[in-house]
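Q: Structure file final15.txt, compact mmCIF, C-alpha atoms, is pasted below:
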# COMPACT_ATOMS: atom_id res chain seq x y z
CA PHE K 1 -15.15 10.29 -7.64
CA GLY K 2 -17.97 12.81 -7.20
CA ALA K 3 -19.50 11.06 -4.19
CA GLY K 4 -16.17 10.75 -2.40
CA ALA K 5 -15.30 14.40 -3.02
CA ALA K 6 -18.70 15.56 -1.72
CA ARG K 7 -18.35 13.41 1.39
CA LEU K 8 -14.96 14.94 2.17
CA ARG K 9 -16.17 18.51 1.59
CA ARG K 10 -19.02 18.00 4.08
CA ARG K 11 -16.42 17.37 6.78
CA LEU K 12 -14.19 20.28 5.86
CA PRO K 13 -14.16 21.83 9.41
CA LEU K 14 -12.85 18.56 10.86
CA PHE K 15 -10.10 18.40 8.25
CA MET K 16 -9.12 21.98 8.99
CA LEU K 17 -8.82 21.10 12.67
CA LEU K 18 -6.73 18.07 11.76
CA GLY K 19 -4.47 20.13 9.50
CA ALA K 20 -3.92 22.68 12.26
CA GLY K 21 -2.98 19.95 14.73
CA VAL K 22 -0.54 18.18 12.41
CA CYS K 23 1.11 21.45 11.41
CA VAL K 24 1.54 22.52 15.04
CA LEU K 25 3.04 19.13 15.85
CA ALA K 26 5.53 19.52 13.00
CA GLN K 27 6.34 23.06 14.18
CA THR K 28 7.43 21.76 17.58
CA LYS K 29 10.25 19.87 15.80
CA ALA K 30 9.39 16.80 17.88
CA PHE K 31 7.70 15.09 14.92
CA GLY K 32 8.95 14.27 11.44
CA GLY K 33 7.07 13.36 8.30
CA GLY K 34 9.35 10.47 7.38
CA GLU K 35 12.46 8.52 8.16
CA ALA K 36 14.87 10.83 6.34
CA THR K 37 13.33 14.05 7.64
CA SER K 38 13.30 12.79 11.23
CA PHE K 39 17.11 12.54 11.22
CA LEU K 40 17.43 15.98 9.64
CA ILE K 41 15.12 17.54 12.20
CA ALA K 42 17.00 15.89 15.05
CA LYS K 43 20.17 17.59 13.78
CA GLY K 44 18.47 20.97 13.46
CA HIS K 45 18.44 21.04 9.63
CA TYR K 46 14.87 22.28 9.32
CA ALA K 47 15.16 23.86 5.86
CA GLU K 48 16.66 20.66 4.43
CA ALA K 49 13.91 18.59 6.05
CA ALA K 50 11.28 20.86 4.53
CA GLN K 51 12.85 20.41 1.08
CA VAL K 52 12.87 16.62 1.42
CA ASP K 53 9.19 16.44 2.43
CA PHE K 54 8.18 19.03 -0.16
CA TYR K 55 9.73 17.19 -3.10
CA ARG K 56 8.54 13.83 -1.81
CA THR K 57 4.97 15.13 -1.94
CA PHE K 58 4.95 15.01 -5.73
CA GLY K 59 5.45 11.25 -5.69
CA PHE K 60 2.44 10.67 -3.45
CA VAL K 61 -0.12 13.21 -4.66
CA PRO K 62 -1.58 10.88 -7.35
CA LEU K 63 -1.99 8.00 -4.89
CA ILE K 64 -3.39 10.16 -2.09
CA ALA K 65 -5.79 12.04 -4.36
CA THR K 66 -7.21 9.02 -6.17
CA THR K 67 -7.50 6.99 -2.98
CA ALA K 68 -9.28 9.82 -1.17
CA LEU K 69 -11.70 10.37 -4.06
CA ALA K 70 -12.45 6.68 -4.49
CA SER K 71 -12.88 5.87 -0.80
CA GLY K 72 -14.18 9.14 0.62
CA ALA K 73 -11.51 8.99 3.36
CA TYR K 74 -8.56 11.36 3.66
CA GLY K 75 -5.14 10.62 5.09
CA VAL K 76 -4.03 12.14 8.38
CA ALA K 77 -1.31 14.20 6.67
CA GLY K 78 -3.22 14.96 3.48
CA PHE K 79 -0.84 15.59 0.59
CA THR K 80 1.95 15.82 3.24
CA LEU K 81 2.58 19.49 2.36
CA VAL K 82 1.63 20.28 5.94
CA TYR K 83 4.98 18.95 7.13
CA PRO K 84 7.31 21.46 5.43
CA VAL K 85 4.95 24.28 6.31
CA GLY K 86 5.13 23.24 9.95
CA TYR K 87 8.91 22.92 9.96
CA LEU K 88 9.33 26.47 8.66
CA ALA K 89 6.54 28.15 10.64
CA PRO K 90 7.96 30.66 13.16
CA ASN K 91 5.42 29.90 15.91
CA PRO K 92 2.63 27.40 16.67
CA TYR K 93 -0.16 29.95 16.18
CA LEU K 94 0.85 30.71 12.62
CA ALA K 95 1.39 26.99 12.03
CA ALA K 96 -2.17 26.23 13.16
CA VAL K 97 -3.66 28.82 10.79
CA ALA K 98 -1.47 27.71 7.89
CA GLY K 99 -2.23 24.03 8.47
CA ALA K 100 -5.99 24.62 8.59
CA LEU K 101 -5.99 26.71 5.41
CA LEU K 102 -3.73 24.23 3.62
CA PHE K 103 -5.97 21.27 4.44
CA ALA K 104 -9.02 23.24 3.33
CA ALA K 105 -7.37 24.03 0.00
CA GLU K 106 -6.33 20.40 -0.48
CA VAL K 107 -9.79 19.00 0.19
CA LEU K 108 -11.47 21.56 -2.07
CA ALA K 109 -8.93 20.89 -4.84
CA LEU K 110 -9.26 17.09 -4.79
CA SER K 111 -11.76 16.93 -7.65
CA ALA K 112 -9.62 19.15 -9.88
CA VAL K 113 -6.50 17.12 -9.03
CA GLY K 114 -8.33 13.89 -9.88
CA ARG K 115 -9.44 15.25 -13.25
CA ALA K 116 -5.93 16.49 -14.05
CA LEU K 117 -4.42 13.10 -13.21
CA GLY K 118 -6.95 11.44 -15.49
CA ARG K 119 -5.52 13.42 -18.40
CA LEU K 120 -1.89 12.69 -17.44
CA PRO K 121 -1.44 8.91 -17.19
CA SER K 122 2.34 9.24 -17.59
CA VAL K 123 2.49 11.31 -14.38
CA ARG K 124 0.60 8.58 -12.55
CA ASP K 125 3.04 5.97 -13.82
CA CYS K 126 6.09 8.04 -12.86
CA SER K 127 4.68 8.60 -9.39
CA GLU K 128 4.11 4.88 -8.91
CA HIS K 129 7.73 4.18 -9.87
CA LEU K 130 8.92 6.91 -7.50
CA ARG K 131 6.95 5.46 -4.60
CA ALA K 132 8.32 2.01 -5.37
CA ALA K 133 11.87 3.39 -5.51
CA ILE K 134 11.44 5.07 -2.12
CA GLY K 135 10.24 1.80 -0.62
CA ASP K 136 13.10 -0.17 -2.17
CA ALA K 137 15.69 2.36 -0.99
CA LEU K 138 14.29 2.21 2.54
CA GLY K 139 14.38 -1.59 2.48
CA LEU K 140 18.01 -1.63 1.36
CA ALA K 141 18.96 0.94 4.00
CA VAL K 142 17.33 -1.14 6.74
CA LEU K 143 19.02 -4.29 5.45
CA PHE K 144 22.52 -2.79 5.38
CA GLY K 145 22.00 -1.11 8.73
CA SER K 146 20.92 -4.43 10.20
CA LEU K 147 24.00 -6.15 8.80
CA MET K 148 26.21 -3.44 10.29
CA ALA K 149 24.53 -4.00 13.67
CA ALA K 150 25.09 -7.74 13.29
CA ASN K 151 28.74 -7.13 12.48
CA ALA K 152 29.12 -4.95 15.58
CA MET K 153 27.60 -7.70 17.71
CA GLY K 154 29.39 -10.73 16.36
CA GLY K 155 31.65 -9.89 13.44
CA GLY K 156 31.51 -12.41 10.63
CA LEU K 157 29.41 -14.84 12.65
CA GLY K 158 26.85 -12.12 13.35
CA ILE K 159 26.58 -11.28 9.66
CA LEU K 160 26.31 -14.98 8.81
CA VAL K 161 23.50 -15.59 11.31
CA CYS K 162 21.49 -12.45 10.58
CA GLY K 163 22.03 -12.60 6.83
CA GLY K 164 21.11 -16.28 6.85
CA LEU K 165 17.86 -15.59 8.72
CA TYR K 166 17.01 -12.84 6.24
CA LEU K 167 17.63 -15.15 3.27
CA LEU K 168 15.64 -17.91 4.97
CA ASN K 169 12.70 -15.53 5.26
CA GLU K 170 13.00 -14.77 1.53
CA ALA K 171 13.15 -18.47 0.66
CA MET K 172 10.03 -19.17 2.74
CA GLY K 173 7.99 -16.63 0.80
CA ARG K 174 8.45 -13.73 3.25
CA PRO K 175 6.28 -14.70 6.23
CA VAL K 176 7.83 -11.56 7.75
CA VAL K 177 7.56 -8.48 5.51
CA ARG K 178 10.87 -7.50 3.95
CA THR K 179 11.23 -4.16 5.75
CA ALA K 180 10.82 -5.84 9.15
CA ALA K 181 12.74 -9.03 8.30
CA ALA K 182 16.23 -7.57 8.71
CA PRO K 183 15.62 -5.95 12.13
CA ALA K 184 13.88 -9.13 13.30
CA ALA K 185 16.89 -11.14 12.13
CA VAL K 186 19.22 -8.87 14.14
CA VAL K 187 17.14 -9.36 17.29
CA ALA K 188 17.03 -13.14 16.79
CA GLY K 189 20.74 -13.21 15.94
CA GLY K 190 21.56 -11.19 19.05
CA LEU K 191 19.63 -13.62 21.25
CA LEU K 192 21.42 -16.56 19.62
CA LEU K 193 24.85 -14.98 20.05
CA ASN K 194 24.13 -14.22 23.69
CA GLY K 195 23.08 -17.81 24.21
CA LEU K 196 26.30 -19.04 22.64
CA TYR K 197 28.28 -16.63 24.82
CA TRP K 198 26.66 -17.95 28.00
CA LEU K 199 27.49 -21.49 26.88
CA GLY K 200 31.11 -20.48 26.30
CA LEU K 201 30.87 -21.13 22.56
CA PHE K 202 31.24 -17.55 21.39
CA THR K 203 33.48 -14.62 22.29
CA PRO K 204 32.43 -11.08 21.23
CA ALA K 205 34.86 -9.32 18.93
CA THR K 206 35.48 -6.50 21.45
CA ALA K 207 36.28 -8.96 24.23
CA ALA K 208 38.62 -10.93 21.97
CA ALA K 209 40.48 -7.76 20.95
CA SER K 210 40.99 -6.67 24.55
Would you write the structure of this file as C-alpha cells?
A:
Amino acid sequence: FGAGAARLRRRLPLFMLLGAGVCVLAQTKAFGGGEATSFLIAKGHYAEAAQVDFYRTFGFVPLIATTALASGAYGVAGFTLVYPVGYLAPNPYLAAVAGALLFAAEVLALSAVGRALGRLPSVRDCSEHLRAAIGDALGLAVLFGSLMAANAMGGGLGILVCGGLYLLNEAMGRPVVRTAAAPAAVVAGGLLLNGLYWLGLFTPATAAAS
C-alpha cells in the first residue's frame, strides 16, 4: 500500500481541486450523492440528505480506502463525506474551501485508515455486507417500481409481460444485469403493449374504464 499512498500524495493539489469542485456542485443542490439523497434534495430535505450520505459513508470507507491504496487511484467523491458537507454549506465559497481541505485530509489519512482496517477484519466484513445490502435493496426497489409501471400501462397483462421478461433474463443467466433488467423489461413490455393496441388486440386499463 505504500507505493499507492505515495502516488496519491504527490497529486494532492489536484485532489484538493477535485474536492472543491464536487463540494460546490453538491452545494448548488442540483447534484445528489445517491439515489435516495437525490429524492430528498429535490424535496428540499437537505439535512436528511446529509444524514443519509454521512451514515452511508461508513459502509464504503473500507472498500474505497483499500482500493485507492492498492491501485494508486482515488474515486471522484473520495470517501463521499464531501456530499453532506456540500449540502449543508451556506455558500459555494465556503463549500469550495471545505471540500478542498476534506479531500486533503482524506488522502493524507489513507495510510492510517488502511492500517486500522488491517487490524479490524470484522469491520471489513460488516462493511461488505452493508454494501451488498444496499445493492440488493436498490435492486428490489427498481424491480417493484418497474412492476408498478407495468401495472399502470397494462394492468395484469403488463405485469405478466414485464415480470416474464425479467424472469426470462434470470433463467438465461442474466445477459442484462439485474438492476437494469427490470427497467429494460418495462420498455420492451411497453413497446409490445403498444403494438398489440395498434393491432386492436389490447385495450389500456384507463380506456376500458372510461
Q: Counting all atoms listed in the file, figure out which residue out of K:Asn169, K:Thr203, K:Asn151, K:Thr66 gets nearest to Val186 (chain K).
A: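 Ranked by minimum distance to Val186 (chain K), first place goes to K:Asn151.
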Q: For each of K:Ile134, K:Ala171, K:Leu201, K:Ala188, take the minimum atom-to-atom distance to Gly158 (chain K), counting all atoms listed in the file, then give the residue where this is smallest.
A: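 Of K:Ile134, K:Ala171, K:Leu201, K:Ala188, the one nearest Gly158 (chain K) is K:Ala188, counting all atoms listed in the file.
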Q: At a cut-off of 10 Å, using all atoms listed in the file, what residues contact Leu165 (chain K)? Leave out same-chain residues fewer than 2 positions from it and give the result as number ranges by chain.
A: K: 159-163, 167-171, 181-182, 184-186, 188-189
Q: Take the point (9.0, 13.1, 13.9) in the file's coordinates, draw a sphere of radius 12 Å around it, and report as a ChimeraX atom specification every protein, DNA or RNA residue with an atom inside or on it, counting all atoms listed in the file.
A: /K:22-23,25-42,46,49,53,83,86-87
Q: Taking into account all atoms listed in the file, which residue in the set K:Asp136, K:Phe79, K:Leu63, K:Leu191 is nearest to Ala105 (chain K)?
A: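 Closest candidate: K:Phe79.
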Q: Find the residues with any atom within 9 Å of (-3.2, 12.7, 2.3); use all atoms listed in the file and the coordinates as given in the file, and write the answer as a list in words.
A: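 Output of the proximity query reads Phe60, Val61, Leu63, Ile64, Ala65, Thr67, Ala68, Tyr74, Gly75, Val76, Ala77, Gly78, Phe79, Thr80, Leu81 and Glu106 of chain K.
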Q: Please produce a file of those selected residues containing C-alpha atoms, as a compact mmCIF listing (two decimals), keeping the file's coordinate frame.
A:
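Printed below is again_32.txt as written:
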# COMPACT_ATOMS: atom_id res chain seq x y z
CA PHE K 60 2.44 10.67 -3.45
CA VAL K 61 -0.12 13.21 -4.66
CA LEU K 63 -1.99 8.00 -4.89
CA ILE K 64 -3.39 10.16 -2.09
CA ALA K 65 -5.79 12.04 -4.36
CA THR K 67 -7.50 6.99 -2.98
CA ALA K 68 -9.28 9.82 -1.17
CA TYR K 74 -8.56 11.36 3.66
CA GLY K 75 -5.14 10.62 5.09
CA VAL K 76 -4.03 12.14 8.38
CA ALA K 77 -1.31 14.20 6.67
CA GLY K 78 -3.22 14.96 3.48
CA PHE K 79 -0.84 15.59 0.59
CA THR K 80 1.95 15.82 3.24
CA LEU K 81 2.58 19.49 2.36
CA GLU K 106 -6.33 20.40 -0.48
Q: Could you list, as a PyMOL selection string, every residue within 8 Å of region 89-100 of chain K, counting all atoms listed in the file and ignoring same-chain residues fewer than 3 positions away?
A: chain K and resi 15-24+27-28+82+85-86+103-104
Q: Between CA of Thr179 (chain K) and CA of Gly139 (chain K), what is the distance in Å, rounded to a tenth?
A: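 Interatomic distance here is 5.2 Å.
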Q: Please, what distance in Å, to one decimal, runs between CA of Pro13 (chain K) and CA of Val113 (chain K)?
A: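 Here the two named atoms are 20.5 Å from each other.
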Q: CA of Ala132 (chain K) to CA of Gly59 (chain K): how many Å, to one decimal?
A: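 Pair CA of Ala132 (chain K) / CA of Gly59 (chain K) returns 9.7 Å.
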Q: Counting only C-alpha atoms, which of K:Leu193, K:Ala73, K:Ala6, K:Ala112 gets nearest to Gly156 (chain K)?
A: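 Among the listed residues, the smallest separation from Gly156 (chain K) belongs to K:Leu193.
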